$ cat target24.txt   # compact mmCIF, C-alpha atoms
# COMPACT_ATOMS: atom_id res chain seq x y z
CA MET A 1 -9.16 10.10 -26.78
CA SER A 2 -6.43 7.49 -27.10
CA GLU A 3 -2.84 8.31 -26.23
CA SER A 4 -0.46 8.99 -29.08
CA VAL A 5 1.93 6.18 -29.92
CA GLU A 6 5.44 6.79 -31.16
CA ALA A 7 6.88 4.29 -33.58
CA PRO A 8 9.88 2.36 -32.34
CA GLY A 9 13.22 3.43 -33.68
CA PRO A 10 16.90 3.69 -32.81
CA GLY A 11 16.51 7.15 -31.33
CA HIS A 12 14.24 5.79 -28.66
CA ARG A 13 16.96 3.49 -27.35
CA ARG A 14 19.34 6.21 -26.18
CA GLY A 15 19.62 7.54 -22.67
CA VAL A 16 17.68 6.42 -19.62
CA HIS A 17 14.96 3.92 -20.44
CA ARG A 18 11.50 5.48 -20.18
CA ALA A 19 10.51 2.71 -17.76
CA TRP A 20 12.59 4.36 -15.05
CA TRP A 21 10.85 7.72 -15.54
CA VAL A 22 7.46 6.01 -15.36
CA ALA A 23 8.53 4.19 -12.20
CA ALA A 24 9.79 7.47 -10.71
CA VAL A 25 6.49 9.28 -11.27
CA ALA A 26 4.55 6.27 -10.00
CA CYS A 27 6.72 6.32 -6.90
CA VAL A 28 6.03 10.02 -6.31
CA ALA A 29 2.27 9.39 -6.56
CA ILE A 30 2.56 6.50 -4.10
CA VAL A 31 4.66 8.68 -1.77
CA VAL A 32 1.95 11.35 -1.67
CA ALA A 33 -0.75 8.71 -1.14
CA GLY A 34 1.33 7.41 1.77
CA ALA A 35 1.22 10.85 3.37
CA PHE A 36 -2.54 10.45 3.80
CA SER A 37 -2.07 7.25 5.81
CA THR A 38 -0.11 9.19 8.44
CA MET A 39 -3.03 11.44 9.29
CA PRO A 40 -5.37 9.12 11.30
CA GLY A 41 -2.86 8.73 14.12
CA LEU A 42 -2.43 12.51 14.28
CA LEU A 43 -6.18 13.18 14.18
CA VAL A 44 -7.36 10.88 16.99
CA GLY A 45 -6.36 13.17 19.85
CA PRO A 46 -7.30 16.55 18.28
CA LEU A 47 -10.69 15.32 17.07
CA HIS A 48 -11.43 13.73 20.44
CA ASP A 49 -10.55 17.00 22.20
CA GLU A 50 -12.37 19.35 19.81
CA PHE A 51 -15.53 17.38 19.04
CA HIS A 52 -15.57 14.98 22.02
CA TRP A 53 -16.01 12.04 19.69
CA SER A 54 -15.05 8.62 21.04
CA ARG A 55 -11.86 7.00 19.81
CA GLY A 56 -14.00 4.15 18.54
CA SER A 57 -16.00 6.44 16.24
CA ILE A 58 -12.83 8.09 14.95
CA GLY A 59 -11.29 4.65 14.44
CA PHE A 60 -14.42 3.61 12.51
CA ALA A 61 -13.75 6.30 9.89
CA SER A 62 -10.17 5.03 9.59
CA SER A 63 -11.54 1.50 9.22
CA VAL A 64 -13.81 2.55 6.35
CA ASN A 65 -10.85 4.26 4.73
CA MET A 66 -8.72 1.11 5.01
CA VAL A 67 -11.43 -1.24 3.75
CA LEU A 68 -12.10 0.94 0.70
CA TYR A 69 -8.36 1.33 0.16
CA GLY A 70 -8.19 -2.43 -0.17
CA ILE A 71 -11.38 -3.10 -2.09
CA THR A 72 -10.67 -0.35 -4.61
CA ALA A 73 -7.26 -1.74 -5.60
CA PRO A 74 -8.33 -4.67 -7.83
CA PHE A 75 -10.99 -2.58 -9.58
CA ALA A 76 -8.45 0.22 -10.09
CA ALA A 77 -6.04 -2.28 -11.66
CA ALA A 78 -8.79 -3.39 -14.05
CA LEU A 79 -9.69 0.25 -14.80
CA MET A 80 -6.06 0.89 -15.70
CA ASP A 81 -6.36 -1.87 -18.30
CA ARG A 82 -9.42 -0.09 -19.68
CA PHE A 83 -8.60 3.63 -19.45
CA GLY A 84 -4.86 3.80 -18.78
CA MET A 85 -2.80 4.48 -15.69
CA ARG A 86 -2.46 8.25 -15.96
CA ARG A 87 -6.22 8.86 -16.16
CA VAL A 88 -6.96 6.63 -13.17
CA VAL A 89 -4.07 7.94 -11.05
CA GLY A 90 -4.67 11.59 -11.98
CA GLY A 91 -8.33 11.24 -11.03
CA ALA A 92 -7.41 9.49 -7.79
CA LEU A 93 -5.09 12.32 -6.72
CA THR A 94 -7.89 14.82 -7.35
CA VAL A 95 -10.33 12.78 -5.26
CA VAL A 96 -7.99 12.50 -2.26
CA ALA A 97 -7.32 16.23 -2.35
CA ALA A 98 -11.07 16.92 -2.37
CA GLY A 99 -11.65 14.50 0.51
CA ALA A 100 -8.93 16.10 2.64
CA LEU A 101 -10.23 19.62 2.02
CA LEU A 102 -13.82 18.64 2.81
CA THR A 103 -12.66 17.05 6.07
CA THR A 104 -11.50 20.47 7.27
CA VAL A 105 -15.10 21.77 7.27
CA MET A 106 -16.83 18.74 8.85
CA THR A 107 -18.93 19.11 11.97
CA ALA A 108 -20.15 15.55 12.63
CA ALA A 109 -18.52 12.12 12.95
CA TRP A 110 -20.47 10.74 9.96
CA GLN A 111 -18.86 13.42 7.79
CA LEU A 112 -15.41 12.16 8.81
CA THR A 113 -16.51 8.72 7.61
CA LEU A 114 -17.80 10.19 4.35
CA TYR A 115 -14.95 12.54 3.49
CA TRP A 116 -11.97 10.71 4.93
CA GLY A 117 -13.31 7.19 4.96
CA LEU A 118 -15.00 7.17 1.54
CA LEU A 119 -13.28 9.75 -0.68
CA VAL A 120 -9.72 9.43 0.61
CA GLY A 121 -10.11 5.65 0.85
CA LEU A 122 -11.20 5.37 -2.79
CA GLY A 123 -8.47 7.70 -4.02
CA THR A 124 -5.56 6.19 -2.11
CA GLY A 125 -6.81 2.68 -2.95
CA SER A 126 -6.38 3.51 -6.63
CA MET A 127 -2.70 4.21 -5.91
CA ALA A 128 -2.11 1.09 -3.82
CA MET A 129 0.48 -1.51 -4.71
CA ALA A 130 -1.84 -2.96 -7.36
CA PHE A 131 -0.84 0.20 -9.24
CA GLY A 132 2.80 -0.58 -8.55
CA ALA A 133 2.25 -4.15 -9.75
CA THR A 134 0.74 -2.84 -12.98
CA VAL A 135 3.77 -0.61 -13.57
CA THR A 136 6.27 -3.41 -12.97
CA ASN A 137 4.33 -5.98 -15.01
CA ARG A 138 4.06 -3.71 -18.06
CA TRP A 139 7.29 -1.77 -18.03
CA PHE A 140 9.85 -4.22 -16.61
CA VAL A 141 11.07 -7.70 -17.43
CA ARG A 142 14.31 -7.41 -15.48
CA ARG A 143 14.57 -5.90 -11.99
CA ARG A 144 10.91 -6.57 -11.20
CA GLY A 145 11.60 -7.51 -7.60
CA LEU A 146 13.82 -4.48 -7.05
CA VAL A 147 11.32 -2.06 -8.63
CA THR A 148 8.50 -3.66 -6.63
CA GLY A 149 10.49 -3.06 -3.46
CA VAL A 150 11.12 0.58 -4.37
CA LEU A 151 7.47 1.26 -5.19
CA ALA A 152 6.27 -0.57 -2.08
CA SER A 153 8.62 1.51 0.05
CA GLY A 154 7.20 4.68 -1.51
CA SER A 155 4.14 4.63 0.71
CA VAL A 156 6.20 4.48 3.88
CA PHE A 157 8.72 6.94 2.51
CA GLY A 158 5.77 9.32 2.19
CA GLN A 159 4.97 8.71 5.83
CA MET A 160 8.61 9.30 6.74
CA VAL A 161 8.79 12.58 4.83
CA PHE A 162 5.41 13.99 5.80
CA LEU A 163 4.85 12.67 9.33
CA PRO A 164 7.29 14.93 11.23
CA VAL A 165 6.12 17.95 9.23
CA LEU A 166 2.44 17.15 9.71
CA SER A 167 2.86 16.45 13.42
CA TRP A 168 4.65 19.80 13.82
CA ILE A 169 1.82 21.54 11.97
CA VAL A 170 -0.76 19.83 14.20
CA ASP A 171 1.15 20.87 17.33
CA HIS A 172 1.58 24.49 16.26
CA TYR A 173 -1.39 25.26 14.01
CA ARG A 174 -3.85 22.44 14.81
CA TRP A 175 -5.08 19.75 12.48
CA ARG A 176 -6.83 21.61 9.63
CA PRO A 177 -3.67 23.17 8.09
CA ALA A 178 -2.11 19.70 8.08
CA LEU A 179 -4.96 18.40 5.92
CA VAL A 180 -4.62 21.35 3.57
CA THR A 181 -0.90 20.54 3.24
CA VAL A 182 -1.49 16.96 2.06
CA ALA A 183 -4.25 18.13 -0.29
CA LEU A 184 -1.90 20.62 -1.96
CA ALA A 185 0.78 17.93 -2.26
CA ALA A 186 -1.68 15.68 -4.10
CA CYS A 187 -2.63 18.48 -6.49
CA ALA A 188 1.04 19.23 -7.21
CA VAL A 189 1.68 15.68 -8.46
CA VAL A 190 -1.17 15.65 -11.01
CA PRO A 191 0.78 17.48 -13.80
CA PHE A 192 3.70 15.03 -13.50
CA VAL A 193 1.32 12.10 -13.75
CA TRP A 194 -0.35 13.54 -16.83
CA PHE A 195 2.78 14.48 -18.77
CA VAL A 196 5.18 11.65 -17.83
CA LEU A 197 3.20 8.55 -16.91
CA ARG A 198 2.29 6.31 -19.84
CA ASP A 199 0.16 3.20 -19.92
CA HIS A 200 2.47 0.87 -21.87
CA PRO A 201 6.01 0.92 -23.36
CA ALA A 202 4.47 0.73 -26.84
CA ASP A 203 2.97 4.19 -26.25
CA VAL A 204 6.49 5.64 -26.55
CA GLY A 205 7.79 3.10 -29.04
CA ARG A 206 9.91 1.19 -26.54
CA GLU A 207 10.23 -2.40 -25.41
CA PRO A 208 9.82 -3.14 -21.67
CA TYR A 209 13.02 -2.73 -19.69
CA GLY A 210 15.05 -5.91 -20.02
CA ALA A 211 13.00 -7.28 -22.95
CA ARG A 212 14.71 -8.12 -26.22
CA ASP A 213 11.75 -7.50 -28.47
CA PHE A 214 9.16 -4.78 -28.93
CA VAL A 215 5.85 -5.71 -27.27
CA PRO A 216 2.65 -4.42 -28.94
CA LYS A 217 0.16 -2.74 -26.67
CA PRO A 218 -2.84 -4.97 -25.98
CA PRO A 219 -6.29 -3.55 -26.73
CA PRO A 220 -8.22 -1.99 -23.82
CA THR A 221 -10.02 -4.55 -21.70
CA ARG A 222 -13.68 -3.67 -21.43
CA GLY A 223 -15.84 -4.51 -18.46
CA ALA A 224 -13.30 -3.60 -15.78
CA ALA A 225 -15.57 -4.36 -12.84
CA ARG A 226 -16.68 -7.67 -14.34
CA ARG A 227 -13.08 -8.67 -15.02
CA ALA A 228 -12.00 -7.88 -11.47
CA LEU A 229 -14.84 -9.98 -10.08
CA THR A 230 -14.19 -12.80 -12.56
CA VAL A 231 -10.55 -12.97 -11.53
CA LEU A 232 -11.63 -13.09 -7.88
CA ARG A 233 -14.10 -15.89 -8.62
CA ASP A 234 -11.49 -17.98 -10.42
CA THR A 235 -8.63 -17.43 -7.99
CA ALA A 236 -10.90 -18.03 -4.98
CA ARG A 237 -11.06 -21.65 -6.14
CA THR A 238 -7.32 -22.06 -5.51
CA GLY A 239 -5.65 -22.70 -2.17
CA PRO A 240 -2.69 -20.33 -2.58
CA PHE A 241 -5.03 -17.35 -2.90
CA TRP A 242 -6.62 -17.95 0.51
CA LEU A 243 -3.28 -18.55 2.18
CA LEU A 244 -1.84 -15.37 0.68
CA ALA A 245 -4.97 -13.35 1.49
CA GLY A 246 -5.10 -14.64 5.07
CA ALA A 247 -1.43 -13.93 5.70
CA PHE A 248 -1.74 -10.50 4.15
CA ALA A 249 -4.79 -9.71 6.31
CA ILE A 250 -2.61 -10.34 9.35
CA CYS A 251 0.08 -8.19 7.73
CA GLY A 252 -2.39 -5.31 7.52
CA ALA A 253 -3.50 -5.81 11.11
CA SER A 254 0.09 -5.67 12.36
CA THR A 255 1.11 -2.59 10.34
CA ASN A 256 -1.52 -0.09 9.17
CA GLY A 257 -4.11 -1.36 11.62
CA ILE A 258 -2.18 -1.01 14.84
CA MET A 259 1.17 0.69 14.23
CA TRP A 260 0.19 3.52 11.90
CA THR A 261 -3.15 4.18 13.59
CA HIS A 262 -2.52 3.54 17.29
CA PHE A 263 1.22 3.65 18.00
CA THR A 264 1.28 7.42 18.54
CA PRO A 265 -1.68 7.52 20.99
CA ALA A 266 -0.37 4.35 22.71
CA ALA A 267 3.05 5.93 23.27
CA HIS A 268 1.34 9.10 24.47
CA ASP A 269 -0.52 6.99 27.06
CA HIS A 270 2.90 6.20 28.54
CA GLY A 271 3.82 9.88 28.72
CA MET A 272 5.69 10.22 25.44
CA ALA A 273 5.15 13.46 23.51
CA VAL A 274 3.10 13.13 20.35
CA THR A 275 5.88 14.70 18.27
CA THR A 276 8.41 12.21 19.67
CA ALA A 277 6.15 9.24 18.95
CA SER A 278 5.49 10.50 15.43
CA SER A 279 9.23 10.89 14.90
CA LEU A 280 9.71 7.25 15.89
CA LEU A 281 7.22 6.27 13.21
CA ALA A 282 9.20 8.39 10.77
CA VAL A 283 12.35 6.49 11.72
CA ILE A 284 10.47 3.26 11.06
CA GLY A 285 9.81 4.71 7.63
CA VAL A 286 13.52 5.31 7.05
CA PHE A 287 14.38 1.68 7.71
CA ASN A 288 11.25 0.54 5.93
CA VAL A 289 12.63 1.89 2.67
CA ALA A 290 15.84 -0.08 3.14
CA GLY A 291 14.00 -3.22 4.26
CA THR A 292 11.52 -3.23 1.40
CA ILE A 293 14.14 -2.62 -1.27
CA ALA A 294 16.29 -5.36 0.26
CA SER A 295 13.27 -7.67 0.31
CA GLY A 296 12.72 -6.99 -3.40
CA TRP A 297 16.36 -7.78 -4.12
CA LEU A 298 16.12 -11.01 -2.11
CA THR A 299 12.84 -11.97 -3.79
CA ASP A 300 14.62 -11.98 -7.15
CA ARG A 301 17.02 -14.58 -5.75
CA TYR A 302 15.40 -16.75 -3.04
CA ASP A 303 12.22 -18.66 -2.21
CA ALA A 304 9.50 -16.06 -1.65
CA ARG A 305 7.58 -18.34 0.75
CA ARG A 306 10.46 -18.66 3.21
CA LEU A 307 11.26 -14.97 2.98
CA LEU A 308 7.63 -14.13 3.76
CA ALA A 309 7.51 -16.55 6.70
CA GLY A 310 10.69 -15.10 8.17
CA CYS A 311 9.33 -11.57 8.00
CA PHE A 312 6.15 -12.54 9.83
CA ALA A 313 7.92 -14.55 12.52
CA LEU A 314 10.34 -11.76 13.40
CA ARG A 315 7.59 -9.12 13.32
CA GLY A 316 5.49 -11.21 15.73
CA VAL A 317 8.33 -11.46 18.24
CA LEU A 318 8.85 -7.70 18.16
CA LEU A 319 5.16 -6.94 18.79
CA LEU A 320 5.01 -9.39 21.70
CA PHE A 321 7.79 -7.50 23.46
CA LEU A 322 6.61 -3.97 22.56
CA PRO A 323 4.45 -3.37 25.71
CA MET A 324 7.58 -3.79 27.83
CA MET A 325 9.40 -1.12 25.78
CA MET A 326 6.79 1.64 26.11
CA THR A 327 8.08 4.46 28.33
CA ALA A 328 7.85 8.24 28.50
CA THR A 329 11.32 8.59 27.00
CA VAL A 330 13.04 6.87 24.09
CA GLN A 331 15.13 4.01 25.46
CA PRO A 332 17.67 1.87 23.54
CA SER A 333 15.20 -1.02 23.48
CA MET A 334 12.62 1.18 21.73
CA MET A 335 15.17 2.30 19.15
CA LEU A 336 16.07 -1.36 18.49
CA PHE A 337 12.37 -2.09 17.98
CA VAL A 338 12.00 0.86 15.62
CA VAL A 339 14.96 -0.24 13.47
CA LEU A 340 13.94 -3.90 13.25
CA PHE A 341 10.25 -3.23 12.74
CA GLY A 342 11.11 -0.73 10.03
CA LEU A 343 13.16 -3.34 8.18
CA LEU A 344 10.24 -5.80 8.33
CA ASP A 345 7.19 -3.57 7.99
CA LEU A 346 6.60 -3.67 4.21
CA ALA A 347 9.16 -6.34 3.42
CA THR A 348 6.23 -8.72 2.90
CA VAL A 349 5.05 -6.96 -0.28
CA PRO A 350 7.69 -8.12 -2.82
CA PRO A 351 7.39 -11.84 -1.93
CA VAL A 352 3.58 -11.71 -1.95
CA LEU A 353 3.56 -10.00 -5.33
CA ALA A 354 6.11 -12.50 -6.65
CA LEU A 355 3.92 -15.39 -5.50
CA CYS A 356 0.87 -13.80 -7.14
CA ARG A 357 2.84 -13.48 -10.38
CA GLU A 358 4.09 -17.07 -10.07
CA PHE A 359 0.61 -18.52 -9.59
CA TYR A 360 -1.61 -16.18 -11.59
CA GLY A 361 0.45 -14.77 -14.45
CA GLU A 362 -1.13 -11.94 -16.44
CA ASP A 363 -3.85 -11.37 -13.86
CA SER A 364 -1.36 -11.06 -11.01
CA ALA A 365 -1.90 -7.31 -10.55
CA ILE A 366 -5.63 -7.82 -10.02
CA VAL A 367 -5.04 -10.86 -7.81
CA PHE A 368 -2.58 -8.85 -5.76
CA GLY A 369 -5.25 -6.16 -5.54
CA TRP A 370 -7.60 -8.68 -3.94
CA THR A 371 -4.94 -9.85 -1.50
CA ASN A 372 -4.34 -6.19 -0.72
CA ALA A 373 -8.07 -5.89 -0.02
CA ALA A 374 -7.64 -8.63 2.58
CA HIS A 375 -4.66 -6.67 3.96
CA GLN A 376 -6.86 -3.63 4.43
CA VAL A 377 -9.73 -5.61 5.96
CA GLY A 378 -7.29 -6.85 8.58
CA ALA A 379 -5.98 -3.32 9.06
CA ALA A 380 -9.50 -1.90 9.35
CA ALA A 381 -10.57 -4.48 11.91
CA VAL A 382 -7.65 -3.69 14.19
CA ALA A 383 -7.89 0.08 13.63
CA PHE A 384 -11.47 -0.11 14.95
CA LEU A 385 -11.01 -2.82 17.59
CA GLY A 386 -7.78 -1.25 18.81
CA GLY A 387 -9.66 1.96 19.60
CA VAL A 388 -12.47 -0.02 21.25
CA ALA A 389 -9.93 -1.97 23.33
CA ARG A 390 -8.29 1.25 24.45
CA ASP A 391 -11.67 2.70 25.48
CA ALA A 392 -12.60 -0.51 27.31
CA PHE A 393 -9.33 -1.49 29.02
CA GLY A 394 -7.46 1.81 29.16
CA SER A 395 -4.43 0.20 27.50
CA TYR A 396 -3.25 -1.20 24.17
CA ASP A 397 -1.22 -4.03 25.73
CA THR A 398 -3.73 -6.78 24.89
CA VAL A 399 -3.83 -5.65 21.27
CA TRP A 400 -0.04 -5.76 20.85
CA VAL A 401 0.18 -9.30 22.25
CA SER A 402 -2.78 -10.57 20.20
CA ILE A 403 -1.44 -9.21 16.93
CA GLY A 404 2.04 -10.52 17.66
CA SER A 405 0.59 -14.00 18.11
CA LEU A 406 -1.32 -13.73 14.83
CA CYS A 407 1.96 -12.97 13.04
CA GLY A 408 3.14 -16.43 14.08
CA VAL A 409 0.07 -17.90 12.39
CA ALA A 410 0.84 -15.91 9.23
CA ALA A 411 4.38 -17.33 9.19
CA LEU A 412 2.99 -20.87 9.21
CA MET A 413 0.49 -20.02 6.47
CA SER A 414 3.32 -18.72 4.29
CA LEU A 415 5.29 -21.93 4.64
CA VAL A 416 2.44 -24.24 3.63
CA ILE A 417 1.85 -22.50 0.29
CA ARG A 418 2.67 -25.21 -2.22
CA ARG A 419 4.75 -24.16 -5.19
CA PRO A 420 2.95 -24.95 -8.45
CA THR A 421 4.32 -27.50 -10.88
CA ALA A 422 4.73 -26.38 -14.48
CA THR A 423 1.58 -28.30 -15.46
CA GLU A 424 -0.44 -26.87 -12.60
CA GLY A 425 0.75 -23.33 -13.29
CA GLU A 426 -0.28 -23.63 -16.92
CA ARG A 427 -3.67 -25.01 -15.88
CA VAL A 428 -4.35 -22.17 -13.44
CA LEU A 429 -3.31 -19.56 -16.01
CA THR A 430 -5.51 -21.20 -18.69
CA GLU A 431 -8.50 -21.19 -16.37
CA GLU A 432 -7.95 -17.51 -15.56
CA ARG A 433 -7.75 -16.52 -19.22
CA ALA A 434 -10.87 -18.50 -20.01
CA GLY A 435 -12.66 -16.83 -17.10
CA ALA A 436 -11.55 -13.37 -18.27
CA ALA A 437 -12.81 -14.14 -21.79
CA ARG A 438 -16.21 -15.05 -20.39

$ encode --input "target24.txt" --output "structure tokens"
Amino acid sequence: MSESVEAPGPGHRRGVHRAWWVAAVACVAIVVAGAFSTMPGLLVGPLHDEFHWSRGSIGFASSVNMVLYGITAPFAAALMDRFGMRRVVGGALTVVAAGALLTTVMTAAWQLTLYWGLLVGLGTGSMAMAFGATVTNRWFVRRRGLVTGVLASGSVFGQMVFLPVLSWIVDHYRWRPALVTVALAACAVVPFVWFVLRDHPADVGREPYGARDFVPKPPPTRGAARRALTVLRDTARTGPFWLLAGAFAICGASTNGIMWTHFTPAAHDHGMAVTTASSLLAVIGVFNVAGTIASGWLTDRYDARRLLAGCFALRGVLLLFLPMMMTATVQPSMMLFVVLFGLLDLATVPPVLALCREFYGEDSAIVFGWTNAAHQVGAAAVAFLGGVARDAFGSYDTVWVSIGSLCGVAALMSLVIRRPTATEGERVLTEERAGAAR
């Protein structure tokens, strides 16, 4: 059944623009999805102690989750063009809740891969930043960078809000009640998604925020999977895509892959309490919100390539020095790391999305979904290899130094992305539209 459409009229132009309500609900959904990304770091120790599974096997389930999180994003963006955002996001929240609840009754490592890796990975991937890109592309003409920064920070804000609570629950009531908590949070958001989120401004008779004219809603795009693959085929023929995807893979390795999966157990190896280490990650989340919003504001005003390169270079330096800051107690050097890393953690998202929009136009949400897939492949590789390295060497030091060096490579990749000329940009966009029509 298609969504009802209200005719445009003067009454619809009073009060807060509906775009901001849509962005708010989208942000809440992304916040809850972010809560699920906090769990792997809290589960490694308890699952190892209760089931005697290796850290490598637990990390493998996290890797599957991260890969599916990335691969799902471009297909989810295409499905939103076909079925609408609220149906896709509402279904995704239901799937992640089911995956979390099933994880509480697992008895074997393969079930962790199935429930957490597959179900939660698919669900959270449908609420990745490709979803945020779809919201900003459809509902906003002005403030796109700022809104992108806010939505990108939502995931880490979810980590910030939920991580201390979940770590306290794990410490006092073990890990199963923590999973039930995030499942209930996902279920609580579904009604807001269904009643507030709308697919396009035309559904409520409004123009996009900042637009002068009413924009008719385009017809549903059939063949979502085919379209996502067609966009990948066409953009894979362009150099900027590979540079963005490669840099974003390193971004994933240096954030989700190592920090959000292995920082807590790494700090615990140095004698730090799990709750303290988790609280440090929460503080990273606090500054992440500020850093990502600031990055979105800067992306509206400055060269996205240089902003991206600067973020990677500074992040690499911080990771190179992190092994020397690990102690049993929180020292000033560790707090400095937490603040600076928080400012840089997701600050890469707005410039990458802006570059996708600059090069690939109307298909930018799907293209960003594919670059996000590369982000998650990088994250998955390090989530798995980081656990293997810890089992093999008894320390994470080699991993920190290796990933810090890779961030330097990502900075160079960002700088060599060539800005398209007007003629080239039109040619790339024409080729994409022709590919989508086929």

$ atom_distance --input "target24.txt" --atom1 "CA of Tyr69 (chain A)" --atom2 "CA of Trp297 (chain A)"
26.7 Å

$ closest_residue --input "target24.txt" --among "A:Phe321, A:Phe359, A:Trp194, A:Phe384" --to "Arg86 (chain A)" --atoms "all atoms listed in the file"
A:Trp194

$ residues_around --input "target24.txt" --residues "region 135-151 of chain A" --least-positions-apart "3" --cutoff "7 Å" --atoms "only C-alpha atoms" --output "MDAnalysis selection string"
chainID A and resid 19 23 27 131:132 154 200:201 208:211 292:293 295:297 299:300 350

$ closest_residue --input "target24.txt" --among "A:Ala290, A:Ala178, A:Leu355, A:Ala381" --to "Val339 (chain A)" --atoms "all atoms listed in the file"
A:Ala290

$ closest_residue --input "target24.txt" --among "A:Met127, A:Ala29, A:Val416, A:Ala389" --to "Gly70 (chain A)" --atoms "only C-alpha atoms"
A:Met127

$ atom_distance --input "target24.txt" --atom1 "CA of Gly125 (chain A)" --atom2 "CA of Phe36 (chain A)"
11.1 Å

$ atom_distance --input "target24.txt" --atom1 "CA of Leu47 (chain A)" --atom2 "CA of Gly285 (chain A)"
24.9 Å

$ residues_around --input "target24.txt" --residues "region 393-410 of chain A" --least-positions-apart "6" --cutoff "7 Å" --atoms "all atoms listed in the file" --output "ChimeraX atom specification"
/A:247,250,254,266,312-313,315-317,319-320,323,386

$ residues_around --input "target24.txt" --residues "region 92-104 of chain A" --least-positions-apart "6" --cutoff "10 Å" --atoms "all atoms listed in the file" --output "MDAnalysis selection string"
chainID A and resid 29:30 32:33 36 76 86 111:127 175:190 193

$ closest_residue --input "target24.txt" --among "A:Thr230, A:Ser167, A:Ser37, A:Thr134" --to "Gly369 (chain A)" --atoms "only C-alpha atoms"
A:Thr134

$ closest_atom_pairs --input "target24.txt" --of "region 163-273 of chain A" --to "region 324-336 of chain A" --cutoff "8 Å" --atoms "all atoms listed in the file" --output "tab-separated table"
residue	atom	partner	partner_atom	distance
A:Ala267	CA	A:Met326	CA	6.4
A:His268	CA	A:Ala328	CA	7.7
A:His270	CA	A:Ala328	CA	5.4
A:Gly271	CA	A:Ala328	CA	4.4
A:Met272	CA	A:Ala328	CA	4.2
A:Ala273	CA	A:Ala328	CA	7.7

$ closest_residue --input "target24.txt" --among "A:Ala354, A:Ala411, A:Cys251, A:Ile258" --to "Arg390 (chain A)" --atoms "all atoms listed in the file"
A:Ile258

$ closest_residue --input "target24.txt" --among "A:Gly291, A:Pro351, A:Pro40, A:Gly84" --to "Pro219 (chain A)" --atoms "all atoms listed in the file"
A:Gly84

$ residues_around --input "target24.txt" --residues "Met80 (chain A)" --least-positions-apart "2" --cutoff "10 Å" --atoms "all atoms listed in the file" --output "PyMOL selection string"
chain A and resi 74-78+82-89+126+131+134+199+220-221+224

$ residues_near_point --input "target24.txt" --point "(-4.2, -6.6, 5.1)" --cutoff "7 Å" --atoms "all atoms listed in the file" --output "VMD selection string"
chain A and resid 248 to 253 372 to 379

$ residues_around --input "target24.txt" --residues "Leu243 (chain A)" --least-positions-apart "3" --cutoff "8 Å" --atoms "all atoms listed in the file" --output "short mmCIF file (atom, residue, chain, number, x, y, z; two decimals) with C-alpha atoms, in the frame of the given file"
data_model
loop_
_atom_site.label_atom_id
_atom_site.label_comp_id
_atom_site.auth_asym_id
_atom_site.auth_seq_id
_atom_site.Cartn_x
_atom_site.Cartn_y
_atom_site.Cartn_z
CA GLY A 239 -5.65 -22.70 -2.17
CA PRO A 240 -2.69 -20.33 -2.58
CA GLY A 246 -5.10 -14.64 5.07
CA ALA A 247 -1.43 -13.93 5.70
CA MET A 413 0.49 -20.02 6.47
CA SER A 414 3.32 -18.72 4.29
CA ILE A 417 1.85 -22.50 0.29
#

$ decode --input "target24.txt" --residues "region 119-143 of chain A" --atoms "C-alpha atoms" --output "tab-separated table (two decimals), in the first residue's frame"
chain	number	residue	atom	x	y	z
A	119	LEU	CA	20.93	-11.02	11.76
A	120	VAL	CA	22.34	-8.05	13.68
A	121	GLY	CA	24.76	-7.32	10.84
A	122	LEU	CA	21.96	-7.19	8.26
A	123	GLY	CA	19.72	-5.07	10.47
A	124	THR	CA	22.29	-2.51	11.56
A	125	GLY	CA	23.64	-2.33	8.00
A	126	SER	CA	20.21	-1.15	6.86
A	127	MET	CA	20.56	1.77	9.28
A	128	ALA	CA	24.12	2.67	8.31
A	129	MET	CA	25.08	6.08	6.98
A	130	ALA	CA	23.71	5.17	3.55
A	131	PHE	CA	20.37	5.64	5.32
A	132	GLY	CA	21.56	8.99	6.62
A	133	ALA	CA	22.70	9.92	3.10
A	134	THR	CA	19.25	9.06	1.75
A	135	VAL	CA	17.61	11.30	4.35
A	136	THR	CA	19.88	14.26	3.62
A	137	ASN	CA	19.67	13.86	-0.16
A	138	ARG	CA	15.86	13.78	-0.19
A	139	TRP	CA	14.89	16.12	2.61
A	140	PHE	CA	17.61	18.79	2.60
A	141	VAL	CA	19.08	21.20	0.09
A	142	ARG	CA	20.64	23.50	2.66
A	143	ARG	CA	22.54	22.29	5.74
